[in-house]
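Student: Structure incoming, see below.
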Amino acid sequence: MAGTDALDIVQAIRSGHRPTGEDAAALADLQHLEPLMEAASELAREGFGTNVSYSRKVFIPLTQLCRDVCHYCTFAKPPKRGQRAYLTPEQVLSIARAGKRTGCREALFTLGDKPELRYRVARDELAELGHETTLSYVAAMAGLVLEETGLLPHVNPGVMDEDDIEMLRPVSPSMGLMLESGSERLCQKGAPHWGSPDKLPGVRMATIEAAGQCRVPFTTGLLIGIGETRAERIQAMLELRDAHDRHGHIQEIIIQNFRAKPDTRMANAPEPSQADHLWTIAVARLVFGPQMSIQAPPNLQTDNMGALIDAGINDWGGVSPVTPDHVNPEAPWPHLDRLAVVSEEHGRTLVERLTVYPRYLRAPWSWIDTSLIGPVLQMADGEGLARCDDWKAGAPEAEGGELPAPAHHSASGTPSDRVARALASAQRGDTLGESDVVALLTARGGDIGHVIAAADTLRARAAGEDVTYVVNRNLNYTNVCTYRCGFCAFSKGRTTEALRGKPYDLSEREIARRVEEAWRRGATEVCLQGGVHPRYTGETYLRILDIVKSAAPDIHVHAFSPLEVFHGAQTLGMPLDGYLRRLKDAGLASLPGTAAEILDEEVRAIICPDKVNTSQWLEVMETAHGVGLRSTATIMFGHVEAPEHIARHLLRVRTLQSRTGGFTEFVPLPFVHMESPIWLKGRARPGPTLREAVLMHAVARLALHPVFANVQTSWVKMGPKGAALCLQAGANDVGGVLMNESITRAAGASYGQEMGPRELEALIGETGRRARQRNTLYGEVPAKRRAAARGAAPLAPTEETPFTSAQALAAKAG
């Protein structure tokens, strides 16, 4: 934009223009803060919404010796007689454990640069510790902290080459090095970096470039006010932007303001004004764009922290409840409560992040060492931020304890603009856009209450005040399966016999016995699902229907996922509609909507690559609806998916429901992780947080209104208390009494065998709503059936016919 006024450049950037080097350089002469800050704040909101993040960390100053002699630094100190040069392993662990006790997730290793190249005492002490270099000791201590405390190390060890970075990569998921300045002038005699070989801009940029080559999420930034010009700051930003364009590895840019410190050569140097600091933050936002995280330390601008938000930051950096800022010890950390208040006053919600930024967790195998993916995902939620609670789907609820309760967030005040727009569309019954659904799924702070309240209002409008349930029996006829879904702990094959339970294949006699018993106990439905056994064909499913209808002619048969239907049709060489008609004629009355998982191929490629794909699942359901079979629709969430994948899933089932009207209900199924192979291998999160699970139900109600009348919550996966929360957030159904359930329990859940009508009605009653027993299609249940369910005898022991490895091999050979 040659010859363009700087204000015009700012306006163009607001409209989506990426500033060229010439454009950015022109900003150096722009003195007016207001238009810069307005544009920067707008871009920050575009990239990060209303969130402003921080990392709860503990600082570990491994050594304060340094071969450099920066004129402003009080962190680096020369060796003193009688003082150790390095923290011992015991001291390191003591600091890390103190951080762990106060809820820290990150251990930030700060240290001087290669002191062994300057000080003999450093070389001698390293030798005593069993190391030749400081970087080797850093790697050992980071590994020790990770193993002993679970804290995620972030190392700032100074200048490194690719070999150094590769050595640290298995113990540190992210790393950092401040560029500080791109000005060679500052390394000349009399300047702040004179005598500091590691502060040469070319040397530091080589480290930043090496980190990109090694694909490490990397933190860098500028130290402003040490003698550089604004033009030099912008030039440094452009060099960093070029490196990021090449590699995509810079996760945040820190704009740190110089603070003069006593007993340094720059003790009397002028500090940059707040206006200068704000100007630099705003220009950084304009240069790097909406997606780059821009950070400014809150402890260095305590008088007006909120102005940093207005200037375009989206991150406060690391805040420690345990250790001081060792680089700026005169500036204590603000209390988190104050950060939250300041953030809220400026239209933001304070959220906790991990040492690795969310975008790198979208494809962690590309950015994080394999050994660290599990530990990082263990701490992450679906957005890649820090998990906000300890709740786990399927885990036992503490006796007498209280669950974190996102439903208790009040809906006071006004929702954020993007949430307000999405809620207005949902309440009109419009089809939401993907971004609208994502806005609702990612609600934080006060927005949560507005989303939940809106969902509950639509629930009352669509389904009234009754909470329904069905008396049914789950019958999982085999757990032998030829498919290798990464999340499934139920199926048994050659690679899964070590998981909970042994391989079985129910006999025809046991299937009939369980169906007969279910009918005697008042069941109106039997739900039949199982693994895709290597010997099963389409005739097998027809035979199972014959057994069931012979045992209880009047029971509703809710059976066979789209995977089983697809498999059955394929093995018989029949078209889907022809095979579904045969199933219907044999007694099939409706289909469960399982095997959906996440209806998006990005996710299915990871968790179930050999299963029916998205279009095939939808095709089976549309065909079933076309031949007069109703079905449910499900989603299994909280593993590897991101909010946009959930949004696409919801919109795809809504589109199909709008055409067919064949779905009876939508059922969110939170991922139960405990015995799941993909979690045990460190490749998935440990299920959703409670906030995410409750919001999933609320957003399902909003995104699917008015085409879905019913949203079900699973007491098996949510637990009774979690299910009660969901009933206040858009759900109107609690599913079935089950009698038996194997799939969720195989994954490690504590619930699933049976919750009788009285127990379910008590759970419902605690929400202040009325319980109503229904049949599969939400119709009324005859009085005789209701009475039989209430007077049911205890279940007889079940019998599971073992399926041996020899049988499996024979079946495969056949």
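Ligands are numbered from 1 in the order shown, chains are lettered A, B, ... in the order of the structure tokens, and residues start at 1 in each chain.
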Per residue of stretch 659-765 of chain A within 12 Å of stretch 455-466 of chain A, which atom pair is closest and at what distance in Å (one decimal), using only C-alpha atoms, listed by chain and increasing number, as JSON lines?

Tutor:
{"residue": "A:Glu665", "atom": "CA", "partner": "A:Ala463", "partner_atom": "CA", "distance": 11.3}
{"residue": "A:Val694", "atom": "CA", "partner": "A:Ala455", "partner_atom": "CA", "distance": 10.8}
{"residue": "A:Leu695", "atom": "CA", "partner": "A:Ala455", "partner_atom": "CA", "distance": 9.3}
{"residue": "A:Met696", "atom": "CA", "partner": "A:Ala455", "partner_atom": "CA", "distance": 10.6}
{"residue": "A:His697", "atom": "CA", "partner": "A:Ala455", "partner_atom": "CA", "distance": 8.5}
{"residue": "A:Ala698", "atom": "CA", "partner": "A:Ala455", "partner_atom": "CA", "distance": 5.1}
{"residue": "A:Val699", "atom": "CA", "partner": "A:Ala455", "partner_atom": "CA", "distance": 7.0}
{"residue": "A:Ala700", "atom": "CA", "partner": "A:Ala455", "partner_atom": "CA", "distance": 8.5}
{"residue": "A:Arg701", "atom": "CA", "partner": "A:Ala455", "partner_atom": "CA", "distance": 5.8}
{"residue": "A:Leu702", "atom": "CA", "partner": "A:Ala455", "partner_atom": "CA", "distance": 5.7}
{"residue": "A:Ala703", "atom": "CA", "partner": "A:Ala455", "partner_atom": "CA", "distance": 9.4}
{"residue": "A:Leu704", "atom": "CA", "partner": "A:Leu458", "partner_atom": "CA", "distance": 10.4}
{"residue": "A:His705", "atom": "CA", "partner": "A:Leu458", "partner_atom": "CA", "distance": 7.6}
{"residue": "A:Pro706", "atom": "CA", "partner": "A:Ala462", "partner_atom": "CA", "distance": 7.3}
{"residue": "A:Val707", "atom": "CA", "partner": "A:Ala462", "partner_atom": "CA", "distance": 9.6}
{"residue": "A:Phe708", "atom": "CA", "partner": "A:Ala462", "partner_atom": "CA", "distance": 8.5}
{"residue": "A:Ala709", "atom": "CA", "partner": "A:Ala462", "partner_atom": "CA", "distance": 5.6}
{"residue": "A:Asn710", "atom": "CA", "partner": "A:Ala463", "partner_atom": "CA", "distance": 6.8}
{"residue": "A:Val711", "atom": "CA", "partner": "A:Arg459", "partner_atom": "CA", "distance": 8.4}
{"residue": "A:Gln712", "atom": "CA", "partner": "A:Arg459", "partner_atom": "CA", "distance": 11.2}
{"residue": "A:Leu725", "atom": "CA", "partner": "A:Asp456", "partner_atom": "CA", "distance": 11.0}
{"residue": "A:Cys726", "atom": "CA", "partner": "A:Asp456", "partner_atom": "CA", "distance": 9.4}
{"residue": "A:Leu727", "atom": "CA", "partner": "A:Asp456", "partner_atom": "CA", "distance": 8.2}
{"residue": "A:Gln728", "atom": "CA", "partner": "A:Asp456", "partner_atom": "CA", "distance": 6.2}
{"residue": "A:Ala729", "atom": "CA", "partner": "A:Asp456", "partner_atom": "CA", "distance": 5.1}
{"residue": "A:Gly730", "atom": "CA", "partner": "A:Asp456", "partner_atom": "CA", "distance": 4.4}
{"residue": "A:Ala731", "atom": "CA", "partner": "A:Arg459", "partner_atom": "CA", "distance": 6.8}
{"residue": "A:Asn732", "atom": "CA", "partner": "A:Ala463", "partner_atom": "CA", "distance": 6.8}
{"residue": "A:Asp733", "atom": "CA", "partner": "A:Asp466", "partner_atom": "CA", "distance": 8.5}
{"residue": "A:Val734", "atom": "CA", "partner": "A:Asp466", "partner_atom": "CA", "distance": 11.0}
{"residue": "A:Glu761", "atom": "CA", "partner": "A:Asp466", "partner_atom": "CA", "distance": 10.9}
{"residue": "A:Ile764", "atom": "CA", "partner": "A:Asp466", "partner_atom": "CA", "distance": 9.1}
{"residue": "A:Gly765", "atom": "CA", "partner": "A:Asp466", "partner_atom": "CA", "distance": 10.2}

Student: Next, the residues of the selection above should be written as a compact mmCIF listing (two decimals), in the first residue's frame with C-alpha atoms.

Tutor:
# COMPACT_ATOMS: atom_id res chain seq x y z
CA GLU A 665 -34.34 -38.22 20.19
CA VAL A 694 -23.67 -30.02 30.32
CA LEU A 695 -23.19 -27.52 27.50
CA MET A 696 -23.32 -30.38 24.98
CA HIS A 697 -26.87 -31.15 26.10
CA ALA A 698 -27.84 -27.49 26.13
CA VAL A 699 -26.39 -26.78 22.70
CA ALA A 700 -28.01 -29.92 21.27
CA ARG A 701 -31.37 -28.55 22.39
CA LEU A 702 -30.61 -25.14 20.85
CA ALA A 703 -29.02 -26.29 17.60
CA LEU A 704 -31.63 -28.98 16.90
CA HIS A 705 -34.73 -26.92 17.77
CA PRO A 706 -37.45 -27.37 16.62
CA VAL A 707 -36.81 -30.49 14.53
CA PHE A 708 -35.87 -32.66 17.53
CA ALA A 709 -38.43 -32.77 20.33
CA ASN A 710 -36.35 -34.88 22.72
CA VAL A 711 -32.84 -34.66 24.14
CA GLN A 712 -31.76 -37.53 26.33
CA LEU A 725 -27.74 -31.10 35.87
CA CYS A 726 -28.46 -31.90 32.24
CA LEU A 727 -32.19 -32.02 32.98
CA GLN A 728 -31.83 -28.35 33.93
CA ALA A 729 -29.97 -27.63 30.71
CA GLY A 730 -32.26 -28.73 27.91
CA ALA A 731 -32.65 -32.50 28.39
CA ASN A 732 -36.10 -34.00 28.92
CA ASP A 733 -35.36 -37.75 28.95
CA VAL A 734 -33.12 -40.02 31.03
CA GLU A 761 -38.34 -41.22 39.31
CA ILE A 764 -36.22 -36.81 38.26
CA GLY A 765 -38.21 -35.63 41.28

Student: Using only C-alpha atoms, tabulate the residues of stretch 294-368 of chain A lying at most 10 Å from any atom of stretch 211-229 of chain A, each with its closest atom pair and that distance in Å to one decimal, by chain and increasing residue number, as a tab-separated table.

Tutor:
residue	atom	partner	partner_atom	distance
A:Ile294	CA	A:Gly221	CA	9.0
A:Gln295	CA	A:Gly221	CA	8.8
A:Ala296	CA	A:Gly221	CA	9.7
A:Thr355	CA	A:Pro217	CA	9.1
A:Val356	CA	A:Pro217	CA	6.7
A:Tyr357	CA	A:Pro217	CA	7.8
A:Arg359	CA	A:Pro217	CA	9.7
A:Tyr360	CA	A:Pro217	CA	7.2
A:Ser366	CA	A:Arg215	CA	7.3
A:Trp367	CA	A:Arg215	CA	5.4
A:Ile368	CA	A:Val216	CA	6.8

Student: Tell me, counting only C-alpha atoms, for each residue of stretch 399-464 of chain A within 10 Å of stretch 642-648 of chain A, which pair of atoms is nearest and how far apart they are in Å to one decimal, in rows ordered by chain and increasing number, as a tab-separated table.

Tutor:
residue	atom	partner	partner_atom	distance
A:Leu432	CA	A:Ala647	CA	9.3
A:Gly433	CA	A:Ala647	CA	8.5
A:Glu434	CA	A:Ala647	CA	5.6
A:Ser435	CA	A:Glu644	CA	7.6
A:Asp436	CA	A:Ala647	CA	8.6
A:Val437	CA	A:Ala647	CA	5.5
A:Val438	CA	A:Pro643	CA	5.6
A:Ala439	CA	A:Pro643	CA	8.8
A:Leu440	CA	A:Pro643	CA	9.5
A:Leu441	CA	A:Pro643	CA	6.5
A:Thr442	CA	A:Pro643	CA	7.3

Student: Please produce a file of those selected residues containing C-alpha atoms, as an mmCIF file, in the first residue's frame.

Tutor:
data_model
loop_
_atom_site.group_PDB
_atom_site.id
_atom_site.type_symbol
_atom_site.label_atom_id
_atom_site.label_comp_id
_atom_site.auth_asym_id
_atom_site.auth_seq_id
_atom_site.Cartn_x
_atom_site.Cartn_y
_atom_site.Cartn_z
ATOM 1 C CA LEU A 432 -27.490 -22.133 13.045
ATOM 2 C CA GLY A 433 -24.217 -21.643 11.250
ATOM 3 C CA GLU A 434 -21.200 -23.668 12.326
ATOM 4 C CA SER A 435 -19.637 -20.635 13.995
ATOM 5 C CA ASP A 436 -22.851 -20.015 15.965
ATOM 6 C CA VAL A 437 -22.827 -23.569 17.320
ATOM 7 C CA VAL A 438 -19.143 -23.261 18.212
ATOM 8 C CA ALA A 439 -19.870 -20.001 20.056
ATOM 9 C CA LEU A 440 -22.454 -21.806 22.201
ATOM 10 C CA LEU A 441 -20.271 -24.866 22.816
ATOM 11 C CA THR A 442 -17.361 -22.706 23.963
#

Student: Stretch 234-415 of chain A: which residues are helix (DSSP H, G or I) by DSSP, as a ChimeraX atom specification?

Tutor: /A:234-247,274-288,298-300,302-304,306-310,336-345,358-361,364-367,370-378,406-408

Student: Please determine, counting only C-alpha atoms, which residue among A:Pro170, A:Gly779, A:Val341, A:Ser53 has the shortest atom-to-atom distance to A:Ala140.

Tutor: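 For A:Ala140, the nearest of the given residues is A:Pro170.
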
Student: Excluding A:Arg265 and any residue of its chain fewer than 2 positions from it, enumerate the residues within 7 Å of it, using only C-alpha atoms, and give them as an MDAnalysis selection string.

Tutor: chainID A and resid 71:72 263 267

Student: What is the distance, in Å and to one decimal place, between atom CA of A:Asp23 and atom CA of A:Gly317?

Tutor: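 These atoms are spaced 28.7 Å apart.
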
Student: So what do you get for atom CA of A:Ala552 versus atom CA of A:Gly628, distance-wise?

Tutor: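 Here the two named atoms are 21.8 Å from each other.
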
Student: As a list in words, please: the residues near A:Pro688 (cut-off 6 Å, only C-alpha atoms, same-chain neighbours under 4 positions excluded).

Tutor: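 Once the adjacent positions are removed, what remains is Gly638, Glu692 and Ala693 of chain A.
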
Student: With only C-alpha atoms as the counted atoms, please give the residues lying no more than 12 Å from A:Pro290, apart from itself and same-chain residues fewer than 5 positions off, as a PyMOL selection string.

Tutor: chain A and resi 13-18+39-49+252+282-285+312-314
